[in-house]
Amino acid sequence: MEKDFPIFQVMDQNGNIVSEEYKDLVTEERVKKFYSEMVRIRTLDRKSISLQRQGRIGTYAPFEGQEASQVGTALALDSEDWMFPTYRDHGAATVFGHSLRNILLFWNGRNEGCVPPDGKKIFPPAIPIATQIPHAAGAAFAEKQKGTRNAAICYFGDGATSEGDFHEGLNFASVFKSPVVYFCQNNQYAISVPISKQMNSATIAQKSLAYDIPGVRVDGNDVFAVFAETEKALERARNGEGPTLIEAMTWRYGSHTTADDATKYRDQGESALKRMETDPLLRLERWLKNEGLYDEAWVKEVEEQAAAEIDAAVQEMEKFPKADPAVIFDYVFEKPTWTIEKQKREYLELIGGEA
Amino acid sequence: METALQTKTLTLVQAITDGLDTMLGESKEVILLGEDIGKNGGVFRATDGLQEKYGEDRVIDTPLSEAGFVGAAIGMAVNGFRPVVEIQFLGFIYPAYEQIMTHASRLRMRTMGHYTVPMVIRAPYGAGVRAPEIHCDSTESLFTHMPGMKVVCPSNAYDAKGLMIAAIEDPDPVLFLEPMRSYRSSRGEVPEGKYTVEIGKGKKLTEGEDVTVISWGAMVPVAMKAAEEMKQKGVNCEVLDLRTLYPIDKDLVIESVQKTGRTVIVHEAHATGGTGSDLISLINDEAFLYQKAPAERVTGYDTPVPYFGFEDHYLPTPKRVAAAIEKVMKF
Ligand SMILES: Cc1ncc(C[n+]2csc(CCOP(=O)(O)OP(=O)(O)O)c2C)c(N)n1
């Protein structure tokens, strides 16, 4: 089965273009855009880990290593499309236009974090595994019914493909030809469980056969391959041809979350090696160098800009007004029920001015 | 002649490991299943070292599929095993809800006892550990409402091990709720080897004449703290640890309420449809005329458990419990 689903690459790990058909896609301008977006989200990721260590945000889910998958997909979207991320896809959400401040607020345990900027259709990150997969089928179906050309992208991990919701969602989308791109970041572990113990199939892409939809495998560390396949799948979706399943082969260098210790179940040497060989940022750096376009001053500028932008967002997050306890009662229903009204009144009375 | 049992000091989560270890050692029928429970020893280390000791066939890392492994465990249970499944957090049990509600809990009834489901479902629950959303649910009454399920919830290490062994030996499905917040903060003397704490029996933690305070799991320390504070003010509380939420220890509750005439119930689950409502109707049925005040409930609110930035506002505090105790005293 594996040979029926070869891993698609545009650029190999040494920065050489290996797909003639797509060579025009790779321009200096695009490489620099993709590179700077990846630097930006990597900076966000590292900063978040350090904020968590300092107790300034809660448990955090890092994605370092998966930047190409998140940037390549997010940049392929139109601004009117939908995004259904998981807890690990805030990189993609940022690139698609989510506010950095709100993303940080989310990790700081605040409801505001789930609110996307005006006009952006970004769902709150899915915390239970795979539950967003049917939502995307439905939201995309609604776009089709409304007669738009908008589509949806739905992210999930390899572990998610074991849940019933994955199969139910894909089946629904395929029957109703929902314009949705199902994008699996196969980082090869679900917490401690390696893919070999997650499933008996050789690939995730082949699961598309059961639903008679296209399934492809891409090198998830090749931002151009991700971008090209996502664009193609989006185009199919917009043309009424239904969903696509994309399996992006990638790797997360760090732990599952800041509450987890990967050394318990994973050889960290393997991560270190992958970082040297297949890092999505290094690959673009290598291309730039091959082309004689690499400019250290420019890279430095990109890094400094990212750091400044993220520091500003951290400040915004920390200056954000203290949690108002009324919020937990106010948004449960449009009009609070008598039970909630009573509970709110009693609680605010009890805490008086102390909240 | 009785020989004093050897004991050791364990945290609540270590006591659970010890209980599982004891039963895995005793019987080949006992088998553990769940996500990350093997090599990783569970995200809370509740199964730490057990796969190494008993092998990959008895401590099984499953695919990420709650409906799948709970359903499979039902199949194992009807076919001679005693599966103990771990749900990583209670908030992630919902994919398996159908399997539990429509099969595990009623197979005995449907087959007039021909097939039975002697299975344990372990699930850490509760807020107060700054976990992300949905990791903090306390939805025990979804399961006490379910005919055919027993629901237990230890508050300390001794009970945790004793109840675990009792749950594994129980011929019916048991939901075993583990208070995350007490996993490492609660520590106590635990006998070595095998002993049980009877399912369906609560425990009186303090003697008092004025108010009965009923709680379980992670709310027991909150209730105890409030009771201590009230003692300074001359109010003596009888604190009960319910330990089993279904079936409730009726005699313990009623005896106490008949003595004190006042009740405060503390649970972190939502108020509406919570176990507190059941306790109040039980008290009305059995001790109505003994009451000197309507029973008070101190609970989580009828809101989703909020993100951790707000969880201190959601969870019952000793202050809220003390206010309720004062209210029933003044009524
Ligand atoms: C229904 C459900 N069960 C269990 C969990 C706990 N959990 C959180 S992440 C995770 C592993 C997910 O792996 P995968 O889908 O491969 O995504 P990754 O985290 O690797 O990106 C588990 C078991 C959960 N969030 N939801």
# chains A, B, ... in the order shown; residues from 1 in each chain; ligands from 1
$ residues_around --residues "segment 339-350 of chain A" --least-positions-apart "5" --cutoff "12 Å" --atoms "only C-alpha atoms" --output "PyMOL selection string"
(chain A and resi 324-334+355) or (chain B and resi 270-273+297-304+312-317+319-324)
$ residues_near_ligand --ligand "ligand 1" --cutoff "6 Å" --atoms "only C-alpha atoms and all ligand atoms" --output "list in words"
Arg88, Ile127, Pro128, Ile129, Phe156, Gly157, Asp158, Gly159, Ala160, Asn187, Tyr189, Ala190 and Ile191 of chain A; Leu64, Gln88 and Phe92 of chain B
$ write_last_selection --atoms "N, CA, C and O atoms" --output "PDB file, in the first residue's frame"
ATOM      1  N   ARG A  88      -2.699  21.971  18.857  1.00  0.00           N
ATOM      2  CA  ARG A  88      -1.310  22.104  18.424  1.00  0.00           C
ATOM      3  C   ARG A  88      -1.185  22.958  17.156  1.00  0.00           C
ATOM      4  O   ARG A  88      -0.113  23.083  16.593  1.00  0.00           O
ATOM      5  N   ILE A 127      -9.952  20.259  21.769  1.00  0.00           N
ATOM      6  CA  ILE A 127      -9.220  19.622  22.871  1.00  0.00           C
ATOM      7  C   ILE A 127      -9.467  18.108  22.867  1.00  0.00           C
ATOM      8  O   ILE A 127      -8.523  17.334  22.953  1.00  0.00           O
ATOM      9  N   PRO A 128     -10.717  17.667  22.752  1.00  0.00           N
ATOM     10  CA  PRO A 128     -10.895  16.216  22.583  1.00  0.00           C
ATOM     11  C   PRO A 128     -10.400  15.820  21.200  1.00  0.00           C
ATOM     12  O   PRO A 128     -10.519  16.599  20.251  1.00  0.00           O
ATOM     13  N   ILE A 129      -9.863  14.631  21.093  1.00  0.00           N
ATOM     14  CA  ILE A 129      -9.284  14.212  19.830  1.00  0.00           C
ATOM     15  C   ILE A 129     -10.365  13.895  18.799  1.00  0.00           C
ATOM     16  O   ILE A 129     -11.290  13.138  19.088  1.00  0.00           O
ATOM     17  N   PHE A 156      -5.640  17.593  12.267  1.00  0.00           N
ATOM     18  CA  PHE A 156      -5.655  16.579  13.331  1.00  0.00           C
ATOM     19  C   PHE A 156      -4.356  15.798  13.261  1.00  0.00           C
ATOM     20  O   PHE A 156      -3.579  15.941  12.305  1.00  0.00           O
ATOM     21  N   GLY A 157      -4.127  14.983  14.275  1.00  0.00           N
ATOM     22  CA  GLY A 157      -2.892  14.211  14.334  1.00  0.00           C
ATOM     23  C   GLY A 157      -3.118  12.770  13.912  1.00  0.00           C
ATOM     24  O   GLY A 157      -4.242  12.359  13.609  1.00  0.00           O
ATOM     25  N   ASP A 158      -2.047  11.992  13.911  1.00  0.00           N
ATOM     26  CA  ASP A 158      -2.160  10.588  13.519  1.00  0.00           C
ATOM     27  C   ASP A 158      -3.046   9.811  14.471  1.00  0.00           C
ATOM     28  O   ASP A 158      -3.830   8.955  14.065  1.00  0.00           O
ATOM     29  N   GLY A 159      -2.935  10.119  15.758  1.00  0.00           N
ATOM     30  CA  GLY A 159      -3.757   9.398  16.740  1.00  0.00           C
ATOM     31  C   GLY A 159      -5.245   9.577  16.478  1.00  0.00           C
ATOM     32  O   GLY A 159      -6.045   8.663  16.694  1.00  0.00           O
ATOM     33  N   ALA A 160      -5.596  10.754  15.999  1.00  0.00           N
ATOM     34  CA  ALA A 160      -7.011  11.071  15.780  1.00  0.00           C
ATOM     35  C   ALA A 160      -7.669  10.131  14.784  1.00  0.00           C
ATOM     36  O   ALA A 160      -8.891   9.939  14.814  1.00  0.00           O
ATOM     37  N   ASN A 187       2.877  13.202  13.039  1.00  0.00           N
ATOM     38  CA  ASN A 187       4.163  13.361  13.729  1.00  0.00           C
ATOM     39  C   ASN A 187       4.602  12.053  14.380  1.00  0.00           C
ATOM     40  O   ASN A 187       5.540  12.016  15.168  1.00  0.00           O
ATOM     41  N   TYR A 189       3.640  10.062  16.610  1.00  0.00           N
ATOM     42  CA  TYR A 189       3.354   9.680  17.993  1.00  0.00           C
ATOM     43  C   TYR A 189       2.031  10.301  18.437  1.00  0.00           C
ATOM     44  O   TYR A 189       1.748  11.446  18.106  1.00  0.00           O
ATOM     45  N   ALA A 190       1.257   9.540  19.199  1.00  0.00           N
ATOM     46  CA  ALA A 190       0.127  10.107  19.935  1.00  0.00           C
ATOM     47  C   ALA A 190       0.546  10.000  21.403  1.00  0.00           C
ATOM     48  O   ALA A 190       0.506   8.922  21.974  1.00  0.00           O
ATOM     49  N   ILE A 191       0.977  11.103  21.962  1.00  0.00           N
ATOM     50  CA  ILE A 191       1.711  11.114  23.223  1.00  0.00           C
ATOM     51  C   ILE A 191       2.811  10.046  23.147  1.00  0.00           C
ATOM     52  O   ILE A 191       3.761  10.228  22.400  1.00  0.00           O
TER      53      ILE A 191
ATOM     54  N   LEU B  64      -5.906   5.298  20.038  1.00  0.00           N
ATOM     55  CA  LEU B  64      -6.613   6.433  20.650  1.00  0.00           C
ATOM     56  C   LEU B  64      -8.096   6.351  20.291  1.00  0.00           C
ATOM     57  O   LEU B  64      -8.542   6.966  19.323  1.00  0.00           O
ATOM     58  N   GLN B  88      -8.139   8.684  29.938  1.00  0.00           N
ATOM     59  CA  GLN B  88      -7.041   9.565  30.361  1.00  0.00           C
ATOM     60  C   GLN B  88      -7.519  10.697  31.291  1.00  0.00           C
ATOM     61  O   GLN B  88      -6.850  11.013  32.265  1.00  0.00           O
ATOM     62  N   PHE B  92     -12.744  12.927  28.655  1.00  0.00           N
ATOM     63  CA  PHE B  92     -12.577  12.233  27.381  1.00  0.00           C
ATOM     64  C   PHE B  92     -13.288  10.883  27.363  1.00  0.00           C
ATOM     65  O   PHE B  92     -13.031  10.028  26.517  1.00  0.00           O
TER      66      PHE B  92
END
$ residues_around --residues "Lys28 of chain B" --least-positions-apart "3" --cutoff "10 Å" --atoms "only C-alpha atoms" --output "number ranges by chain"
B: 23-25, 31, 54, 58, 81-82
$ residues_around --residues "Arg40 of chain A" --least-positions-apart "5" --cutoff "12 Å" --atoms "only C-alpha atoms" --output "number ranges by chain"
A: 33-35, 45-47, 64, 67-68, 70-71, 90-92, 94-95, 100, 281, 299, 301-311
$ write_last_selection --atoms "C-alpha atoms" --output "PDB file, in the first residue's frame"
ATOM      1  CA  LYS A  33       7.574  34.705   2.860  1.00  0.00           C
ATOM      2  CA  PHE A  34       7.356  31.057   3.934  1.00  0.00           C
ATOM      3  CA  TYR A  35      10.612  31.327   5.811  1.00  0.00           C
ATOM      4  CA  ASP A  45       6.347  28.384  20.161  1.00  0.00           C
ATOM      5  CA  ARG A  46       9.650  28.769  21.992  1.00  0.00           C
ATOM      6  CA  LYS A  47       8.449  31.840  23.812  1.00  0.00           C
ATOM      7  CA  GLU A  64       8.369  22.867  16.780  1.00  0.00           C
ATOM      8  CA  GLU A  67       6.061  24.630  11.028  1.00  0.00           C
ATOM      9  CA  ALA A  68       6.060  23.755   7.333  1.00  0.00           C
ATOM     10  CA  GLN A  70       1.110  24.676   9.464  1.00  0.00           C
ATOM     11  CA  VAL A  71       2.478  27.527   7.364  1.00  0.00           C
ATOM     12  CA  HIS A  90      -2.065  27.724  16.785  1.00  0.00           C
ATOM     13  CA  GLY A  91       0.866  28.231  14.406  1.00  0.00           C
ATOM     14  CA  ALA A  92      -1.506  27.764  11.483  1.00  0.00           C
ATOM     15  CA  THR A  94      -1.668  32.739  13.650  1.00  0.00           C
ATOM     16  CA  VAL A  95      -0.626  32.626  10.014  1.00  0.00           C
ATOM     17  CA  LEU A 100      -1.344  36.506  18.865  1.00  0.00           C
ATOM     18  CA  LEU A 281      13.530  26.052   8.150  1.00  0.00           C
ATOM     19  CA  VAL A 299      17.548  36.508   8.498  1.00  0.00           C
ATOM     20  CA  GLU A 301      15.979  41.111  10.700  1.00  0.00           C
ATOM     21  CA  VAL A 302      13.249  38.473  10.315  1.00  0.00           C
ATOM     22  CA  GLU A 303      14.156  36.975  13.677  1.00  0.00           C
ATOM     23  CA  GLU A 304      14.217  40.319  15.410  1.00  0.00           C
ATOM     24  CA  GLN A 305      10.913  41.323  13.932  1.00  0.00           C
ATOM     25  CA  ALA A 306       9.296  38.084  15.056  1.00  0.00           C
ATOM     26  CA  ALA A 307      10.717  38.435  18.542  1.00  0.00           C
ATOM     27  CA  ALA A 308       9.497  42.023  18.815  1.00  0.00           C
ATOM     28  CA  GLU A 309       6.028  41.127  17.590  1.00  0.00           C
ATOM     29  CA  ILE A 310       5.730  38.253  20.022  1.00  0.00           C
ATOM     30  CA  ASP A 311       7.083  40.222  22.947  1.00  0.00           C
TER      31      ASP A 311
END
$ closest_residue --among "B:Asp36, B:Glu296, B:Asp18, B:Glu326" --to "Leu279 of chain B" --atoms "only C-alpha atoms"
B:Glu296
$ atom_distance --atom1 "atom CA of Arg217 of chain A" --atom2 "atom CA of Gln188 of chain A"
13.6 Å
$ closest_atom_pairs --of "chain B" --to "chain A" --cutoff "6 Å" --atoms "only C-alpha atoms" --output "JSON lines"
{"residue": "B:Asp36", "atom": "CA", "partner": "A:Ser192", "partner_atom": "CA", "distance": 5.6}
{"residue": "B:Pro63", "atom": "CA", "partner": "A:Gln198", "partner_atom": "CA", "distance": 4.6}
{"residue": "B:Leu64", "atom": "CA", "partner": "A:Ser162", "partner_atom": "CA", "distance": 5.6}
{"residue": "B:Ser65", "atom": "CA", "partner": "A:Glu163", "partner_atom": "CA", "distance": 4.7}
{"residue": "B:Tyr307", "atom": "CA", "partner": "A:Gly109", "partner_atom": "CA", "distance": 4.8}
{"residue": "B:Phe308", "atom": "CA", "partner": "A:Gly109", "partner_atom": "CA", "distance": 4.9}
{"residue": "B:Gly309", "atom": "CA", "partner": "A:Gly109", "partner_atom": "CA", "distance": 4.5}
$ residues_around --residues "segment 186-195 of chain B" --least-positions-apart "5" --cutoff "10 Å" --atoms "only C-alpha atoms" --output "MDAnalysis selection string"
chainID B and resid 4:15 18:19 21:23 26 155:166 179 181 218 221
$ residues_around --residues "segment 12-19 of chain A" --least-positions-apart "4" --cutoff "10 Å" --atoms "only C-alpha atoms" --output "MDAnalysis selection string"
chainID A and resid 8 23:24 26 219 221:222 224:225 276:291
$ atom_distance --atom1 "atom CA of Ser174 of chain A" --atom2 "atom CA of Ala210 of chain A"
10.0 Å
$ residues_around --residues "segment 121-131 of chain B" --least-positions-apart "6" --cutoff "7 Å" --atoms "only C-alpha atoms" --output "list in words"
Gly58 and Thr59 of chain A; Val84, Val85, Glu86, Ile87, Gln88, Phe89, Leu90, Asp137, Ser138, Val174, Leu175, Phe176, Leu177, Glu178, Pro179, Met180, Arg181, Phe308 and Glu311 of chain B
$ write_last_selection --atoms "N, CA, C and O atoms" --output "PDB file, in the first residue's frame"
ATOM      1  N   GLY A  58      -0.384  28.489  31.259  1.00  0.00           N
ATOM      2  CA  GLY A  58      -0.596  27.117  31.741  1.00  0.00           C
ATOM      3  C   GLY A  58       0.090  26.089  30.862  1.00  0.00           C
ATOM      4  O   GLY A  58       0.989  26.416  30.084  1.00  0.00           O
ATOM      5  N   THR A  59      -0.357  24.852  30.982  1.00  0.00           N
ATOM      6  CA  THR A  59       0.176  23.765  30.167  1.00  0.00           C
ATOM      7  C   THR A  59       0.088  24.143  28.689  1.00  0.00           C
ATOM      8  O   THR A  59      -0.933  24.651  28.241  1.00  0.00           O
TER       9      THR A  59
ATOM     10  N   VAL B  84      -9.525  -3.586  33.299  1.00  0.00           N
ATOM     11  CA  VAL B  84      -9.528  -2.288  33.970  1.00  0.00           C
ATOM     12  C   VAL B  84      -9.072  -1.292  32.917  1.00  0.00           C
ATOM     13  O   VAL B  84      -7.923  -1.338  32.477  1.00  0.00           O
ATOM     14  N   VAL B  85      -9.974  -0.436  32.453  1.00  0.00           N
ATOM     15  CA  VAL B  85      -9.574   0.503  31.410  1.00  0.00           C
ATOM     16  C   VAL B  85      -9.309   1.866  32.024  1.00  0.00           C
ATOM     17  O   VAL B  85      -9.948   2.258  32.991  1.00  0.00           O
ATOM     18  N   GLU B  86      -8.331   2.549  31.461  1.00  0.00           N
ATOM     19  CA  GLU B  86      -8.053   3.907  31.903  1.00  0.00           C
ATOM     20  C   GLU B  86      -8.555   4.884  30.850  1.00  0.00           C
ATOM     21  O   GLU B  86      -8.170   4.795  29.686  1.00  0.00           O
ATOM     22  N   ILE B  87      -9.416   5.790  31.272  1.00  0.00           N
ATOM     23  CA  ILE B  87      -9.773   6.935  30.439  1.00  0.00           C
ATOM     24  C   ILE B  87      -8.824   8.038  30.900  1.00  0.00           C
ATOM     25  O   ILE B  87      -8.703   8.297  32.099  1.00  0.00           O
ATOM     26  N   GLN B  88      -8.139   8.684  29.938  1.00  0.00           N
ATOM     27  CA  GLN B  88      -7.041   9.565  30.361  1.00  0.00           C
ATOM     28  C   GLN B  88      -7.519  10.697  31.291  1.00  0.00           C
ATOM     29  O   GLN B  88      -6.850  11.013  32.265  1.00  0.00           O
ATOM     30  N   PHE B  89      -8.648  11.259  30.956  1.00  0.00           N
ATOM     31  CA  PHE B  89      -9.308  12.250  31.812  1.00  0.00           C
ATOM     32  C   PHE B  89     -10.809  11.996  31.664  1.00  0.00           C
ATOM     33  O   PHE B  89     -11.263  11.674  30.568  1.00  0.00           O
ATOM     34  N   LEU B  90     -11.566  12.201  32.731  1.00  0.00           N
ATOM     35  CA  LEU B  90     -13.007  11.928  32.657  1.00  0.00           C
ATOM     36  C   LEU B  90     -13.648  12.667  31.480  1.00  0.00           C
ATOM     37  O   LEU B  90     -14.564  12.148  30.846  1.00  0.00           O
ATOM     38  N   ASP B 137     -13.507  17.991  33.972  1.00  0.00           N
ATOM     39  CA  ASP B 137     -14.920  17.716  34.203  1.00  0.00           C
ATOM     40  C   ASP B 137     -15.141  16.845  35.434  1.00  0.00           C
ATOM     41  O   ASP B 137     -14.297  16.041  35.806  1.00  0.00           O
ATOM     42  N   SER B 138     -16.329  17.057  36.018  1.00  0.00           N
ATOM     43  CA  SER B 138     -16.744  16.271  37.171  1.00  0.00           C
ATOM     44  C   SER B 138     -18.191  15.873  36.915  1.00  0.00           C
ATOM     45  O   SER B 138     -19.111  16.376  37.534  1.00  0.00           O
ATOM     46  N   VAL B 174     -17.901  -0.915  37.207  1.00  0.00           N
ATOM     47  CA  VAL B 174     -17.693   0.136  38.217  1.00  0.00           C
ATOM     48  C   VAL B 174     -16.940   1.287  37.557  1.00  0.00           C
ATOM     49  O   VAL B 174     -15.906   1.071  36.911  1.00  0.00           O
ATOM     50  N   LEU B 175     -17.462   2.490  37.713  1.00  0.00           N
ATOM     51  CA  LEU B 175     -16.708   3.681  37.310  1.00  0.00           C
ATOM     52  C   LEU B 175     -15.899   4.133  38.522  1.00  0.00           C
ATOM     53  O   LEU B 175     -16.459   4.375  39.595  1.00  0.00           O
ATOM     54  N   PHE B 176     -14.593   4.216  38.337  1.00  0.00           N
ATOM     55  CA  PHE B 176     -13.682   4.519  39.438  1.00  0.00           C
ATOM     56  C   PHE B 176     -13.116   5.921  39.216  1.00  0.00           C
ATOM     57  O   PHE B 176     -12.243   6.124  38.374  1.00  0.00           O
ATOM     58  N   LEU B 177     -13.643   6.878  39.941  1.00  0.00           N
ATOM     59  CA  LEU B 177     -13.241   8.276  39.749  1.00  0.00           C
ATOM     60  C   LEU B 177     -12.047   8.610  40.638  1.00  0.00           C
ATOM     61  O   LEU B 177     -12.075   8.348  41.838  1.00  0.00           O
ATOM     62  N   GLU B 178     -11.035   9.190  40.023  1.00  0.00           N
ATOM     63  CA  GLU B 178      -9.816   9.497  40.770  1.00  0.00           C
ATOM     64  C   GLU B 178      -9.625  11.008  40.846  1.00  0.00           C
ATOM     65  O   GLU B 178      -9.498  11.667  39.819  1.00  0.00           O
ATOM     66  N   PRO B 179      -9.632  11.558  42.059  1.00  0.00           N
ATOM     67  CA  PRO B 179      -9.495  13.009  42.187  1.00  0.00           C
ATOM     68  C   PRO B 179      -8.064  13.450  41.879  1.00  0.00           C
ATOM     69  O   PRO B 179      -7.172  13.303  42.699  1.00  0.00           O
ATOM     70  N   MET B 180      -7.897  13.983  40.672  1.00  0.00           N
ATOM     71  CA  MET B 180      -6.574  14.426  40.214  1.00  0.00           C
ATOM     72  C   MET B 180      -5.869  15.335  41.211  1.00  0.00           C
ATOM     73  O   MET B 180      -4.685  15.270  41.408  1.00  0.00           O
ATOM     74  N   ARG B 181      -6.708  16.203  41.800  1.00  0.00           N
ATOM     75  CA  ARG B 181      -6.145  17.207  42.690  1.00  0.00           C
ATOM     76  C   ARG B 181      -5.522  16.559  43.938  1.00  0.00           C
ATOM     77  O   ARG B 181      -4.645  17.121  44.569  1.00  0.00           O
ATOM     78  N   PHE B 308      -8.857  27.444  33.244  1.00  0.00           N
ATOM     79  CA  PHE B 308      -8.256  27.495  34.584  1.00  0.00           C
ATOM     80  C   PHE B 308      -8.085  28.910  35.111  1.00  0.00           C
ATOM     81  O   PHE B 308      -7.973  29.118  36.303  1.00  0.00           O
ATOM     82  N   GLU B 311     -10.998  28.954  37.353  1.00  0.00           N
ATOM     83  CA  GLU B 311     -11.490  27.783  38.076  1.00  0.00           C
ATOM     84  C   GLU B 311     -11.633  28.035  39.584  1.00  0.00           C
ATOM     85  O   GLU B 311     -12.460  27.422  40.225  1.00  0.00           O
TER      86      GLU B 311
END
$ decode --residues "segment 62-84 of chain B" --atoms "N, CA and C atoms" --output "PDB file, in the first residue's frame"
ATOM      1  N   THR B  62      -3.455   1.046  24.011  1.00  0.00           N
ATOM      2  CA  THR B  62      -4.452   0.903  22.950  1.00  0.00           C
ATOM      3  C   THR B  62      -4.348   2.052  21.954  1.00  0.00           C
ATOM      4  N   PRO B  63      -4.905   1.878  20.761  1.00  0.00           N
ATOM      5  CA  PRO B  63      -5.082   3.045  19.890  1.00  0.00           C
ATOM      6  C   PRO B  63      -5.967   4.099  20.585  1.00  0.00           C
ATOM      7  N   LEU B  64      -5.906   5.298  20.038  1.00  0.00           N
ATOM      8  CA  LEU B  64      -6.613   6.433  20.650  1.00  0.00           C
ATOM      9  C   LEU B  64      -8.096   6.351  20.291  1.00  0.00           C
ATOM     10  N   SER B  65      -8.828   5.575  21.056  1.00  0.00           N
ATOM     11  CA  SER B  65     -10.184   5.259  20.641  1.00  0.00           C
ATOM     12  C   SER B  65     -10.980   4.745  21.830  1.00  0.00           C
ATOM     13  N   GLU B  66     -11.588   5.682  22.557  1.00  0.00           N
ATOM     14  CA  GLU B  66     -12.265   5.297  23.798  1.00  0.00           C
ATOM     15  C   GLU B  66     -13.416   4.345  23.541  1.00  0.00           C
ATOM     16  N   ALA B  67     -14.209   4.632  22.519  1.00  0.00           N
ATOM     17  CA  ALA B  67     -15.327   3.729  22.212  1.00  0.00           C
ATOM     18  C   ALA B  67     -14.768   2.358  21.851  1.00  0.00           C
ATOM     19  N   GLY B  68     -13.658   2.350  21.153  1.00  0.00           N
ATOM     20  CA  GLY B  68     -13.049   1.100  20.724  1.00  0.00           C
ATOM     21  C   GLY B  68     -12.564   0.267  21.892  1.00  0.00           C
ATOM     22  N   PHE B  69     -11.775   0.882  22.789  1.00  0.00           N
ATOM     23  CA  PHE B  69     -11.218   0.007  23.833  1.00  0.00           C
ATOM     24  C   PHE B  69     -12.197  -0.265  24.967  1.00  0.00           C
ATOM     25  N   VAL B  70     -13.146   0.631  25.209  1.00  0.00           N
ATOM     26  CA  VAL B  70     -14.172   0.302  26.204  1.00  0.00           C
ATOM     27  C   VAL B  70     -15.074  -0.801  25.640  1.00  0.00           C
ATOM     28  N   GLY B  71     -15.418  -0.666  24.379  1.00  0.00           N
ATOM     29  CA  GLY B  71     -16.224  -1.707  23.751  1.00  0.00           C
ATOM     30  C   GLY B  71     -15.497  -3.044  23.742  1.00  0.00           C
ATOM     31  N   ALA B  72     -14.209  -3.009  23.414  1.00  0.00           N
ATOM     32  CA  ALA B  72     -13.426  -4.255  23.403  1.00  0.00           C
ATOM     33  C   ALA B  72     -13.342  -4.845  24.808  1.00  0.00           C
ATOM     34  N   ALA B  73     -13.234  -3.966  25.792  1.00  0.00           N
ATOM     35  CA  ALA B  73     -13.165  -4.455  27.177  1.00  0.00           C
ATOM     36  C   ALA B  73     -14.466  -5.144  27.577  1.00  0.00           C
ATOM     37  N   ILE B  74     -15.568  -4.658  27.062  1.00  0.00           N
ATOM     38  CA  ILE B  74     -16.845  -5.337  27.332  1.00  0.00           C
ATOM     39  C   ILE B  74     -16.767  -6.760  26.775  1.00  0.00           C
ATOM     40  N   GLY B  75     -16.238  -6.866  25.571  1.00  0.00           N
ATOM     41  CA  GLY B  75     -16.081  -8.187  24.966  1.00  0.00           C
ATOM     42  C   GLY B  75     -15.158  -9.091  25.773  1.00  0.00           C
ATOM     43  N   MET B  76     -14.093  -8.507  26.306  1.00  0.00           N
ATOM     44  CA  MET B  76     -13.178  -9.302  27.139  1.00  0.00           C
ATOM     45  C   MET B  76     -13.867  -9.735  28.426  1.00  0.00           C
ATOM     46  N   ALA B  77     -14.635  -8.785  28.998  1.00  0.00           N
ATOM     47  CA  ALA B  77     -15.281  -9.073  30.280  1.00  0.00           C
ATOM     48  C   ALA B  77     -16.307 -10.201  30.146  1.00  0.00           C
ATOM     49  N   VAL B  78     -17.034 -10.227  29.041  1.00  0.00           N
ATOM     50  CA  VAL B  78     -18.013 -11.309  28.893  1.00  0.00           C
ATOM     51  C   VAL B  78     -17.317 -12.632  28.614  1.00  0.00           C
ATOM     52  N   ASN B  79     -16.039 -12.527  28.289  1.00  0.00           N
ATOM     53  CA  ASN B  79     -15.338 -13.751  27.903  1.00  0.00           C
ATOM     54  C   ASN B  79     -14.203 -14.083  28.870  1.00  0.00           C
ATOM     55  N   GLY B  80     -14.442 -13.825  30.154  1.00  0.00           N
ATOM     56  CA  GLY B  80     -13.554 -14.376  31.175  1.00  0.00           C
ATOM     57  C   GLY B  80     -12.509 -13.452  31.762  1.00  0.00           C
ATOM     58  N   PHE B  81     -12.361 -12.251  31.215  1.00  0.00           N
ATOM     59  CA  PHE B  81     -11.355 -11.346  31.779  1.00  0.00           C
ATOM     60  C   PHE B  81     -11.989 -10.327  32.728  1.00  0.00           C
ATOM     61  N   ARG B  82     -11.105  -9.663  33.461  1.00  0.00           N
ATOM     62  CA  ARG B  82     -11.550  -8.552  34.313  1.00  0.00           C
ATOM     63  C   ARG B  82     -10.784  -7.301  33.891  1.00  0.00           C
ATOM     64  N   PRO B  83     -11.236  -6.678  32.820  1.00  0.00           N
ATOM     65  CA  PRO B  83     -10.491  -5.533  32.295  1.00  0.00           C
ATOM     66  C   PRO B  83     -10.629  -4.291  33.185  1.00  0.00           C
ATOM     67  N   VAL B  84      -9.525  -3.586  33.299  1.00  0.00           N
ATOM     68  CA  VAL B  84      -9.528  -2.288  33.970  1.00  0.00           C
ATOM     69  C   VAL B  84      -9.072  -1.292  32.917  1.00  0.00           C
TER      70      VAL B  84
END
